[in-house]
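Working notes, structure below.
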Amino acid sequence: MTHPPLIILALALLAGCGESPPKTEGLAKAEAAQRDAASDDGRIVCARNGSSDFARVCTLDRATSAAGLTLTVRHPDGAFHRLLVTGDGRGVIAADGAEPAIVQVLGPAEIEVALGGDRYRLPATVRGQDKPAP
């Protein structure tokens with residue numbers, strides 16, 4: 001079973017907020033989001049070992065178990081972190097290990113997760129964010 005990329009899901013949810021754009025504009029935006037998701041080859045932006053240099057080089061695997069949706073973020077060098085998606089408003093937590101995941105909201109569609117000196121920018125639907133004024 002495959003899950004839709006989170007960014008497309010987040011964009012689809014965001015598209016439902018506010019005023020409805022003309023159908024052709026909405027279709028063009030959806031197609032652009034799909035092209036962007038395909039062009040990044042499923043990679044997400046990450047920074048390794050406390051670096052401030054973010055690059056789109058990490059991959060994201062999804063697996064569903066009794067515990068819920070688990071995200072495994074993999075670095076090109078083979079290192080990885082597992083994150084458990086929560087339903088209690090925290091976003092994600094460390095699925096294993098002694099270090100906690102620190103989640104920072106970057107905007108209504110993106111969070112940054114810091115774990116063990118590594119940082120990941122993940123698409124997400126952030127509830128409770130102020131909507132822009134019309």
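Ordering of the structure tokens sets the chain letters (A, B, ...); residue numbers start at 1 within each chain; ligands are numbered from 1 in the order shown.
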Legend entry - Polymer residues at most 6 Å from Thr70 (chain A), only C-alpha atoms, same-chain spacing of 5 or more positions, as a ChimeraX atom specification: /A:62-63,83-84
Inset, instruction - Find the residues near region 42-46 of chain A: any atom within 10 Å, counting only C-alpha atoms, skip ones fewer than 4 places away on the same chain, and give them as a list in words. - result: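 What passes the distance filter is Pro5, Ile7, Asp36, Ala37, Ala38, Ser51, Ser52, Asp53, Phe54, Ala55, Arg56, Val57, Cys58, Thr59, Leu60, Asp61, Val73, Arg74, His75, Glu112, Val113, Ala114, Asp118, Arg119, Tyr120, Arg121, Leu122 and Pro123 of chain A.
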Next, the residues of the selection above should be written as an mmCIF file, in the first residue's frame with N, CA and C atoms.
data_model
loop_
_atom_site.group_PDB
_atom_site.id
_atom_site.type_symbol
_atom_site.label_atom_id
_atom_site.label_comp_id
_atom_site.auth_asym_id
_atom_site.auth_seq_id
_atom_site.Cartn_x
_atom_site.Cartn_y
_atom_site.Cartn_z
ATOM 1 N N PRO A 5 2.437 11.299 -1.454
ATOM 2 C CA PRO A 5 3.467 12.149 -0.842
ATOM 3 C C PRO A 5 2.807 13.189 0.046
ATOM 4 N N ILE A 7 3.569 16.170 0.734
ATOM 5 C CA ILE A 7 3.470 17.526 0.199
ATOM 6 C C ILE A 7 2.228 17.668 -0.657
ATOM 7 N N ASP A 36 6.553 19.378 -9.330
ATOM 8 C CA ASP A 36 7.582 19.658 -8.326
ATOM 9 C C ASP A 36 7.882 18.417 -7.502
ATOM 10 N N ALA A 37 6.839 17.705 -7.092
ATOM 11 C CA ALA A 37 7.030 16.491 -6.290
ATOM 12 C C ALA A 37 7.788 15.440 -7.090
ATOM 13 N N ALA A 38 7.480 15.324 -8.375
ATOM 14 C CA ALA A 38 8.167 14.338 -9.212
ATOM 15 C C ALA A 38 9.599 14.769 -9.487
ATOM 16 N N SER A 51 24.856 21.002 10.703
ATOM 17 C CA SER A 51 25.153 21.917 9.610
ATOM 18 C C SER A 51 23.965 22.831 9.346
ATOM 19 N N SER A 52 24.247 24.032 8.855
ATOM 20 C CA SER A 52 23.169 24.939 8.467
ATOM 21 C C SER A 52 22.912 24.855 6.967
ATOM 22 N N ASP A 53 23.660 23.973 6.285
ATOM 23 C CA ASP A 53 23.506 23.811 4.843
ATOM 24 C C ASP A 53 22.447 22.756 4.541
ATOM 25 N N PHE A 54 21.249 23.218 4.173
ATOM 26 C CA PHE A 54 20.176 22.310 3.811
ATOM 27 C C PHE A 54 20.308 21.933 2.344
ATOM 28 N N ALA A 55 20.006 20.681 2.035
ATOM 29 C CA ALA A 55 20.015 20.211 0.648
ATOM 30 C C ALA A 55 18.917 19.163 0.488
ATOM 31 N N ARG A 56 18.387 19.039 -0.710
ATOM 32 C CA ARG A 56 17.327 18.069 -0.995
ATOM 33 C C ARG A 56 17.991 16.734 -1.354
ATOM 34 N N VAL A 57 18.487 16.045 -0.306
ATOM 35 C CA VAL A 57 19.223 14.796 -0.534
ATOM 36 C C VAL A 57 18.714 13.620 0.295
ATOM 37 N N CYS A 58 17.826 13.870 1.236
ATOM 38 C CA CYS A 58 17.316 12.787 2.087
ATOM 39 C C CYS A 58 16.061 12.180 1.463
ATOM 40 N N THR A 59 15.839 10.910 1.757
ATOM 41 C CA THR A 59 14.628 10.248 1.277
ATOM 42 C C THR A 59 13.711 9.971 2.458
ATOM 43 N N LEU A 60 12.451 9.752 2.147
ATOM 44 C CA LEU A 60 11.441 9.546 3.178
ATOM 45 C C LEU A 60 10.640 8.303 2.834
ATOM 46 N N ASP A 61 10.717 7.305 3.697
ATOM 47 C CA ASP A 61 9.935 6.079 3.544
ATOM 48 C C ASP A 61 8.804 6.108 4.553
ATOM 49 N N VAL A 73 13.521 8.642 7.687
ATOM 50 C CA VAL A 73 14.261 9.617 6.907
ATOM 51 C C VAL A 73 15.678 9.084 6.750
ATOM 52 N N ARG A 74 16.111 8.937 5.489
ATOM 53 C CA ARG A 74 17.426 8.358 5.199
ATOM 54 C C ARG A 74 18.347 9.393 4.554
ATOM 55 N N HIS A 75 19.584 9.422 5.055
ATOM 56 C CA HIS A 75 20.622 10.283 4.488
ATOM 57 C C HIS A 75 21.384 9.505 3.419
ATOM 58 N N GLU A 112 9.924 21.826 10.724
ATOM 59 C CA GLU A 112 11.314 21.407 10.776
ATOM 60 C C GLU A 112 11.463 20.515 11.996
ATOM 61 N N VAL A 113 12.064 19.359 11.792
ATOM 62 C CA VAL A 113 12.269 18.403 12.864
ATOM 63 C C VAL A 113 13.769 18.287 13.107
ATOM 64 N N ALA A 114 14.190 18.512 14.347
ATOM 65 C CA ALA A 114 15.590 18.366 14.734
ATOM 66 C C ALA A 114 15.704 17.116 15.591
ATOM 67 N N ASP A 118 20.672 16.379 13.435
ATOM 68 C CA ASP A 118 20.180 16.427 12.060
ATOM 69 C C ASP A 118 18.869 17.193 12.038
ATOM 70 N N ARG A 119 18.582 17.853 10.907
ATOM 71 C CA ARG A 119 17.332 18.597 10.773
ATOM 72 C C ARG A 119 16.677 18.244 9.446
ATOM 73 N N TYR A 120 15.354 18.164 9.498
ATOM 74 C CA TYR A 120 14.571 17.787 8.335
ATOM 75 C C TYR A 120 13.442 18.776 8.143
ATOM 76 N N ARG A 121 13.216 19.200 6.930
ATOM 77 C CA ARG A 121 12.069 20.045 6.599
ATOM 78 C C ARG A 121 11.034 19.139 5.955
ATOM 79 N N LEU A 122 9.903 19.007 6.628
ATOM 80 C CA LEU A 122 8.859 18.097 6.183
ATOM 81 C C LEU A 122 7.585 18.844 5.842
ATOM 82 N N PRO A 123 6.943 18.468 4.752
ATOM 83 C CA PRO A 123 5.635 19.042 4.469
ATOM 84 C C PRO A 123 4.638 18.534 5.494
#
Legend entry - Nearby residues (only C-alpha atoms) at most 10 Å from Ala67 (chain A), same-chain spacing under 5 positions excluded, as a list in words: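 Selected residues are Leu84, Val85, Thr86 and Ala95 of chain A.
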Selection above as a file: N, CA, C and O atoms, as a compact mmCIF listing (two decimals), in the first residue's frame:
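Once written, out00.txt looks like this:
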# COMPACT_ATOMS: atom_id res chain seq x y z
N LEU A 84 7.58 8.91 14.36
CA LEU A 84 6.20 8.43 14.45
C LEU A 84 5.27 9.63 14.37
O LEU A 84 5.42 10.59 15.13
N VAL A 85 4.35 9.62 13.42
CA VAL A 85 3.38 10.70 13.26
C VAL A 85 2.36 10.57 14.38
O VAL A 85 1.81 9.49 14.60
N THR A 86 2.11 11.67 15.09
CA THR A 86 1.17 11.65 16.21
C THR A 86 -0.15 12.30 15.82
O THR A 86 -0.20 13.07 14.86
N ALA A 95 10.67 7.75 16.91
CA ALA A 95 10.06 6.43 17.02
C ALA A 95 10.91 5.49 17.87
O ALA A 95 10.41 4.52 18.42
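Going from CA of Leu69 (chain A) over to CA of Ile111 (chain A), you cover 16.7 Å.
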Inset, instruction - Identify which of the residues A:Asp77, A:Leu71, A:Gly117, A:Thr64 lies closest to Ile93 (chain A), counting only C-alpha atoms when measuring atom-to-atom distances. - result: A:Leu71
